[in-house]
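First the structure, in the form of structure tokens, and then the observations on it.
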Amino acid sequence: MKLNFKLLLLLLLPTIGMQAQYNTMSMPEALTGTTFNLTIKDTIKQLLTGNQTVTGALNNETFWGPTLFINKGDEVHMNVTNSLNESTTLHWHGMHLPAVMDGGPHQVIPAGTVWQPYWTVMNQASTLWYHPHLHEMTQAQVTKGIGGFIIVKDPAEAALALPRTYGVDDIVLALTSRKYTSTNQFNTGTDVYGDYMLSNGTPNAQISLPKQYVRMRILNAEIERGYNLGFSDNRTFYIIANDGGLLNAPVAVTRVKLMVGERVEIMVNLGNDTVGSSIDLKAYNSGQAFGFPGGEPNSTGTFGSLLNNVDFNVLHINVAATTVSPITAVPSSLITNTYWTAANATVTRALAVTQGNPGGLPFALDNTPFVLDYINKTVNLDAIEQWTVTNNAIFGHSFHIHDVEFKIVARNGSASAVGIHESGWKDTVYLPKSESVTFVAKFSDFADADVTHPYMYHCHFAGHEDGGMMGQFIVSNALGTASNNTKLGFSLYPNPASEKLFITLDDLNTEVYYITITTIEGRVVMMLPQPQWENGLDISKLATGTYILQLMDKENKKVTSKKFIKK
């Protein structure tokens, strides 16, 4: 019988279409160690048919950045090079660290500059992340795709029978969406909701996962949209961790809501599925309560989107063969967290989300527009504080505070209203419209009264950050004394220098707070917060020429400059 080619093609088209509708999801490169070299750059990626899209990324990625694996107790050093054509910052979201290393709006990295923060990892095992935090540019730079995961490891987590083979049974999943222009470029205007889903920067993403329990570390990396996550067959899965690390015990659910900046770690059993079968992780976003971000009914306009108020896939999962040493059960208990309670708090604060503030912007905190050099709150070192944040607006918000992990003790004044999925340590929390959240945190370890490097609290919707829905706080050591007698004199040797430049202080009691190196024309090339200068500064990567080293002391924030030559 003669084969009718056109008929055969018509019969095959549905199969071809099903195979072509998914793209293998990108899994970011894993970096381990104590020193990380991160280069922020512009790049391009083929996201749609036709023109490539200009994106932002770090290192070898074309959207997003590598996953950094670090260990509790290690001192980690970040060499962050800004290869963009504009300034940026890099904030270590969820990390407990000194304010000068935090990467907020005050730690601006000019184009062409290397920023070298470092700190000792004090967080317990957890899934954190990093992203830009430049005031009035956060939305544009996050939209491009700049960001990445940080996975903290510790002995308590390592002792548990959990999936932890990265990219195999333990995956990271950054959820976001984008709108595109007619030339396939990201729409970075006033539209806040994307029309098309990106999972780890991959459209229509799929992944093959083994027939066993798998672990998914999920981040809402959106500009504004919330997600109500569950599987297409409504199967039960287990929350084992949220923002600040493992819960005391797994929580069985069929849905979990995840707002911008929040993370959740889940375990799902694929052990009863057939190899070759598939299942979808979905956002069940239809029919949410008024104020849910992305629940608006309109599909176009500033708050419109093709994904608004509908259920949609975020990841297509193909079930593959079991690994050699599979995890086949969820532990009945995880770790023992000791949480702060309302009774522990010695200071209480109230904070309000307001709208129609005097600055003319849609939303603010305490009706106060953000001012870069204004400190909203001063916290005493080691204080245990209770904050109640009340959302007086008609729209939900995602509230984030830097430096600390907190324990939610009440919603709308009721301890029983706290969701079991948010029962662990948190750094970001959802504020539904006309509701309040009360949390308790201890502000330990790091005190710095320098108003030029405060910590932040803010709405994590990028457009709201850029619009000034932020506040600032410093942590003060009340026992500290200031003598104001420091003599900030120093010399440099050898000069000229080729590899290392050494500093000799005139007053050995001087604490060096910040070193900035500029070209002779004044362009910043290196920024070293609280540098470890005693063993010399590595200047080997500087081009030959004349430079200015500016040294700031910690006590008085006085700056003295010296010239040196790089040979």
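Numbering starts fresh at 1 for the residues of each chain in the structure tokens, the chains themselves are lettered A, B, ... in the order given, and ligands are numbered from 1 as they appear.
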
Identify, on the basis of only C-alpha atoms, every residue whose closest approach to Glu435 of chain A does not exceed 7 Å; exclude the query and any residue fewer than 6 positions from it along the same chain; express the result as a list in words.
Thr390, Asn391 and Asn412 of chain A

Neighbouring residues of segment 49-56 of chain A were defined as those with any atom within 7 Å, considering only C-alpha atoms; residues of the same chain fewer than 3 positions away were excluded. Please report them as a PyMOL selection string.
chain A and resi 41-46+62-64+144-146+183-185

Find the residues around Ile223 of chain A up to 10 Å (only C-alpha atoms counted), leave out those fewer than 4 positions away in its own chain, and share them as a tab-separated table (two decimals) with all heavy atoms, in the first residue's frame.
chain	number	residue	atom	x	y	z
A	138	THR	N	15.81	47.69	41.19
A	138	THR	CA	15.65	46.29	41.55
A	138	THR	C	14.78	45.55	40.54
A	138	THR	O	15.13	44.46	40.08
A	138	THR	CB	15.05	46.16	42.97
A	138	THR	OG1	15.94	46.77	43.91
A	138	THR	CG2	14.85	44.70	43.33
A	139	GLN	N	13.62	46.12	40.19
A	139	GLN	CA	12.72	45.43	39.27
A	139	GLN	C	13.39	45.17	37.93
A	139	GLN	O	13.31	44.06	37.39
A	139	GLN	CB	11.43	46.21	39.08
A	139	GLN	CG	10.45	45.50	38.14
A	139	GLN	CD	9.09	46.16	38.08
A	139	GLN	OE1	8.75	46.98	38.93
A	139	GLN	NE2	8.29	45.81	37.08
A	140	ALA	N	14.07	46.17	37.38
A	140	ALA	CA	14.70	46.01	36.07
A	140	ALA	C	15.78	44.94	36.10
A	140	ALA	O	15.88	44.11	35.18
A	140	ALA	CB	15.28	47.33	35.61
A	142	VAL	N	16.24	42.42	38.42
A	142	VAL	CA	15.69	41.10	38.71
A	142	VAL	C	14.96	40.56	37.48
A	142	VAL	O	15.05	39.37	37.16
A	142	VAL	CB	14.76	41.15	39.93
A	142	VAL	CG1	13.99	39.84	40.08
A	142	VAL	CG2	15.55	41.42	41.20
A	143	THR	N	14.25	41.43	36.76
A	143	THR	CA	13.55	41.00	35.55
A	143	THR	C	14.52	40.39	34.54
A	143	THR	O	14.21	39.39	33.88
A	143	THR	CB	12.81	42.18	34.91
A	143	THR	OG1	11.78	42.64	35.80
A	143	THR	CG2	12.16	41.78	33.59
A	176	THR	N	9.16	32.16	38.18
A	176	THR	CA	8.88	33.53	37.82
A	176	THR	C	8.17	33.54	36.47
A	176	THR	O	7.96	32.49	35.86
A	176	THR	CB	10.18	34.37	37.79
A	176	THR	OG1	9.86	35.74	37.69
A	176	THR	CG2	11.09	33.95	36.66
A	177	SER	N	7.78	34.72	36.00
A	177	SER	CA	7.11	34.83	34.71
A	177	SER	C	7.49	36.16	34.07
A	177	SER	O	7.93	37.08	34.76
A	177	SER	CB	5.58	34.73	34.88
A	177	SER	OG	5.10	35.76	35.72
A	178	ARG	N	7.31	36.25	32.76
A	178	ARG	CA	7.72	37.45	32.04
A	178	ARG	C	6.72	37.81	30.93
A	178	ARG	O	6.10	36.92	30.34
A	178	ARG	CB	9.11	37.27	31.40
A	178	ARG	CG	10.24	37.10	32.40
A	178	ARG	CD	10.53	38.36	33.18
A	178	ARG	NE	11.65	38.20	34.08
A	178	ARG	CZ	11.56	37.78	35.34
A	178	ARG	NH1	10.38	37.48	35.86
A	178	ARG	NH2	12.63	37.68	36.11
A	191	ASP	N	4.12	46.99	33.84
A	191	ASP	CA	3.44	45.71	33.99
A	191	ASP	C	4.19	44.85	35.00
A	191	ASP	O	5.39	44.66	34.90
A	191	ASP	CB	3.37	44.97	32.65
A	191	ASP	CG	2.42	45.66	31.67
A	191	ASP	OD1	1.79	46.65	32.06
A	191	ASP	OD2	2.32	45.20	30.52
A	192	VAL	N	3.48	44.34	35.99
A	192	VAL	CA	4.14	43.61	37.08
A	192	VAL	C	4.00	42.10	36.97
A	192	VAL	O	4.73	41.37	37.63
A	192	VAL	CB	3.62	44.08	38.45
A	192	VAL	CG1	3.98	45.53	38.67
A	192	VAL	CG2	2.11	43.88	38.57
A	193	TYR	N	3.05	41.63	36.16
A	193	TYR	CA	2.83	40.19	36.04
A	193	TYR	C	3.23	39.71	34.65
A	193	TYR	O	2.85	40.31	33.65
A	193	TYR	CB	1.36	39.83	36.26
A	193	TYR	CG	0.82	40.18	37.62
A	193	TYR	CD1	-0.35	40.91	37.75
A	193	TYR	CD2	1.47	39.77	38.78
A	193	TYR	CE1	-0.87	41.22	39.00
A	193	TYR	CE2	0.97	40.07	40.04
A	193	TYR	CZ	-0.20	40.81	40.14
A	193	TYR	OH	-0.70	41.11	41.38
A	194	GLY	N	3.99	38.62	34.60
A	194	GLY	CA	4.36	38.05	33.33
A	194	GLY	C	3.24	37.24	32.71
A	194	GLY	O	2.36	36.73	33.41
A	260	VAL	N	6.42	36.18	47.01
A	260	VAL	CA	7.70	36.65	46.50
A	260	VAL	C	8.76	36.64	47.61
A	260	VAL	O	8.54	37.20	48.69
A	260	VAL	CB	7.57	38.06	45.91
A	260	VAL	CG1	8.92	38.55	45.40
A	260	VAL	CG2	6.54	38.07	44.78
A	261	GLY	N	9.89	36.01	47.33
A	261	GLY	CA	10.99	35.95	48.28
A	261	GLY	C	10.96	34.75	49.19
A	261	GLY	O	11.98	34.39	49.80
A	460	HIS	N	8.72	42.87	49.40
A	460	HIS	CA	9.61	42.25	48.43
A	460	HIS	C	9.07	42.29	47.01
A	460	HIS	O	9.71	41.76	46.10
A	460	HIS	CB	9.95	40.81	48.82
A	460	HIS	CG	11.35	40.42	48.47
A	460	HIS	ND1	11.76	40.22	47.16
A	460	HIS	CD2	12.45	40.24	49.22
A	460	HIS	CE1	13.03	39.90	47.14
A	460	HIS	NE2	13.48	39.92	48.38
A	461	PHE	N	7.92	42.89	46.78
A	461	PHE	CA	7.51	43.14	45.40
A	461	PHE	C	8.47	44.17	44.82
A	461	PHE	O	8.60	45.28	45.36
A	461	PHE	CB	6.08	43.68	45.34
A	461	PHE	CG	5.03	42.71	45.82
A	461	PHE	CD1	3.72	43.12	45.97
A	461	PHE	CD2	5.34	41.39	46.13
A	461	PHE	CE1	2.74	42.24	46.41
A	461	PHE	CE2	4.37	40.51	46.57
A	461	PHE	CZ	3.06	40.94	46.71
A	462	ALA	N	9.15	43.82	43.75
A	462	ALA	CA	10.27	44.65	43.27
A	462	ALA	C	9.83	46.08	42.94
A	462	ALA	O	10.55	47.04	43.23
A	462	ALA	CB	10.90	44.00	42.04
A	463	GLY	N	8.66	46.22	42.35
A	463	GLY	CA	8.18	47.56	42.04
A	463	GLY	C	7.88	48.37	43.28
A	463	GLY	O	8.06	49.59	43.30
A	464	HIS	N	7.42	47.69	44.33
A	464	HIS	CA	7.13	48.40	45.58
A	464	HIS	C	8.43	48.83	46.27
A	464	HIS	O	8.50	49.90	46.86
A	464	HIS	CB	6.30	47.50	46.51
A	464	HIS	CG	4.93	47.22	46.00
A	464	HIS	ND1	3.98	46.54	46.72
A	464	HIS	CD2	4.33	47.54	44.82
A	464	HIS	CE1	2.87	46.44	46.01
A	464	HIS	NE2	3.06	47.04	44.84

Calculate how many Å separate atom CA of Ile171 of chain A from atom CA of Pro326 of chain A, rounding to one decimal.
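The value is 14.8 Å.
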
Interatomic distance, atom CA of Gln116 of chain A to atom CA of Thr39 of chain A (Å, one decimal)
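Computing it gives 11.9 Å between the two atoms.
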
For atom CA of Thr519 of chain A and atom CA of Thr504 of chain A, the interatomic separation in Å (one decimal)
21.3 Å

I'd like to know which residues of segment 352-459 of chain A are strand (DSSP E) (by DSSP, run on the backbone); could you write them as number ranges by chain?
A: 352-355, 363-365, 377-380, 383-391, 397-401, 406-411, 425-426, 428-431, 436-443, 455-459

Residues of segment 52-207 of chain A in helix (DSSP H, G or I) according to DSSP, as a list in words?
Ala99, Val100, Met101, Thr138, Gln139, Ala140, Gln141, Val142, Thr143, Lys144, Pro155, Ala156, Glu157 and Ala158 of chain A

Mind writing the picked residues with all heavy atoms as an mmCIF file, in the first residue's frame?
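File written: again24.cif
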data_model
loop_
_atom_site.group_PDB
_atom_site.id
_atom_site.type_symbol
_atom_site.label_atom_id
_atom_site.label_comp_id
_atom_site.auth_asym_id
_atom_site.auth_seq_id
_atom_site.Cartn_x
_atom_site.Cartn_y
_atom_site.Cartn_z
ATOM 1 N N ALA A 99 26.019 44.196 58.596
ATOM 2 C CA ALA A 99 25.265 45.054 57.679
ATOM 3 C C ALA A 99 26.112 45.528 56.510
ATOM 4 O O ALA A 99 25.619 45.665 55.380
ATOM 5 C CB ALA A 99 24.702 46.258 58.440
ATOM 6 N N VAL A 100 27.402 45.770 56.735
ATOM 7 C CA VAL A 100 28.269 46.286 55.679
ATOM 8 C C VAL A 100 28.513 45.246 54.585
ATOM 9 O O VAL A 100 28.950 45.573 53.482
ATOM 10 C CB VAL A 100 29.591 46.788 56.283
ATOM 11 C CG1 VAL A 100 30.475 45.631 56.723
ATOM 12 C CG2 VAL A 100 30.316 47.736 55.346
ATOM 13 N N MET A 101 28.219 43.969 54.876
ATOM 14 C CA MET A 101 28.374 42.878 53.902
ATOM 15 C C MET A 101 27.044 42.495 53.253
ATOM 16 O O MET A 101 27.005 41.620 52.390
ATOM 17 C CB MET A 101 28.945 41.629 54.585
ATOM 18 C CG MET A 101 30.122 41.843 55.489
ATOM 19 S SD MET A 101 31.632 42.252 54.602
ATOM 20 C CE MET A 101 32.804 42.325 55.987
ATOM 21 N N THR A 138 15.807 47.694 41.191
ATOM 22 C CA THR A 138 15.645 46.285 41.554
ATOM 23 C C THR A 138 14.781 45.550 40.545
ATOM 24 O O THR A 138 15.133 44.464 40.075
ATOM 25 C CB THR A 138 15.049 46.160 42.969
ATOM 26 O OG1 THR A 138 15.941 46.767 43.908
ATOM 27 C CG2 THR A 138 14.850 44.702 43.335
ATOM 28 N N GLN A 139 13.623 46.116 40.193
ATOM 29 C CA GLN A 139 12.725 45.426 39.274
ATOM 30 C C GLN A 139 13.389 45.172 37.929
ATOM 31 O O GLN A 139 13.310 44.061 37.385
ATOM 32 C CB GLN A 139 11.430 46.211 39.076
ATOM 33 C CG GLN A 139 10.453 45.497 38.135
ATOM 34 C CD GLN A 139 9.090 46.161 38.076
ATOM 35 O OE1 GLN A 139 8.750 46.977 38.930
ATOM 36 N NE2 GLN A 139 8.288 45.809 37.081
ATOM 37 N N ALA A 140 14.070 46.168 37.379
ATOM 38 C CA ALA A 140 14.698 46.008 36.066
ATOM 39 C C ALA A 140 15.778 44.936 36.096
ATOM 40 O O ALA A 140 15.882 44.112 35.175
ATOM 41 C CB ALA A 140 15.284 47.333 35.608
ATOM 42 N N GLN A 141 16.589 44.910 37.155
ATOM 43 C CA GLN A 141 17.702 43.963 37.190
ATOM 44 C C GLN A 141 17.244 42.550 37.545
ATOM 45 O O GLN A 141 17.785 41.573 37.016
ATOM 46 C CB GLN A 141 18.774 44.469 38.154
ATOM 47 C CG GLN A 141 19.428 45.755 37.649
ATOM 48 C CD GLN A 141 20.588 46.224 38.503
ATOM 49 O OE1 GLN A 141 20.832 45.720 39.588
ATOM 50 N NE2 GLN A 141 21.311 47.216 38.013
ATOM 51 N N VAL A 142 16.240 42.424 38.420
ATOM 52 C CA VAL A 142 15.691 41.099 38.707
ATOM 53 C C VAL A 142 14.961 40.560 37.479
ATOM 54 O O VAL A 142 15.048 39.367 37.164
ATOM 55 C CB VAL A 142 14.756 41.151 39.930
ATOM 56 C CG1 VAL A 142 13.993 39.844 40.083
ATOM 57 C CG2 VAL A 142 15.554 41.425 41.197
ATOM 58 N N THR A 143 14.253 41.433 36.758
ATOM 59 C CA THR A 143 13.550 41.001 35.551
ATOM 60 C C THR A 143 14.521 40.388 34.543
ATOM 61 O O THR A 143 14.209 39.393 33.882
ATOM 62 C CB THR A 143 12.808 42.183 34.909
ATOM 63 O OG1 THR A 143 11.784 42.637 35.799
ATOM 64 C CG2 THR A 143 12.158 41.777 33.588
ATOM 65 N N LYS A 144 15.710 40.955 34.427
ATOM 66 C CA LYS A 144 16.702 40.427 33.488
ATOM 67 C C LYS A 144 17.138 39.006 33.837
ATOM 68 O O LYS A 144 17.596 38.268 32.969
ATOM 69 C CB LYS A 144 17.933 41.340 33.467
ATOM 70 C CG LYS A 144 17.675 42.690 32.828
ATOM 71 C CD LYS A 144 18.810 43.669 33.074
ATOM 72 C CE LYS A 144 20.063 43.273 32.346
ATOM 73 N NZ LYS A 144 21.103 44.337 32.419
ATOM 74 N N PRO A 155 25.822 19.772 60.016
ATOM 75 C CA PRO A 155 25.824 18.364 60.449
ATOM 76 C C PRO A 155 24.445 17.828 60.785
ATOM 77 O O PRO A 155 24.176 16.638 60.563
ATOM 78 C CB PRO A 155 26.736 18.383 61.685
ATOM 79 C CG PRO A 155 27.632 19.553 61.479
ATOM 80 C CD PRO A 155 26.780 20.588 60.803
ATOM 81 N N ALA A 156 23.562 18.655 61.336
ATOM 82 C CA ALA A 156 22.234 18.164 61.707
ATOM 83 C C ALA A 156 21.444 17.736 60.482
ATOM 84 O O ALA A 156 20.779 16.683 60.484
ATOM 85 C CB ALA A 156 21.478 19.255 62.481
ATOM 86 N N GLU A 157 21.506 18.518 59.419
ATOM 87 C CA GLU A 157 20.818 18.138 58.175
ATOM 88 C C GLU A 157 21.498 16.935 57.534
ATOM 89 O O GLU A 157 20.826 16.026 57.017
ATOM 90 C CB GLU A 157 20.805 19.331 57.220
ATOM 91 C CG GLU A 157 19.951 19.165 55.966
ATOM 92 C CD GLU A 157 20.676 18.457 54.828
ATOM 93 O OE1 GLU A 157 21.926 18.392 54.863
ATOM 94 O OE2 GLU A 157 19.989 17.975 53.904
ATOM 95 N N ALA A 158 22.830 16.896 57.582
ATOM 96 C CA ALA A 158 23.579 15.808 56.946
ATOM 97 C C ALA A 158 23.300 14.464 57.600
ATOM 98 O O ALA A 158 23.458 13.417 56.962
ATOM 99 C CB ALA A 158 25.075 16.113 56.989
#
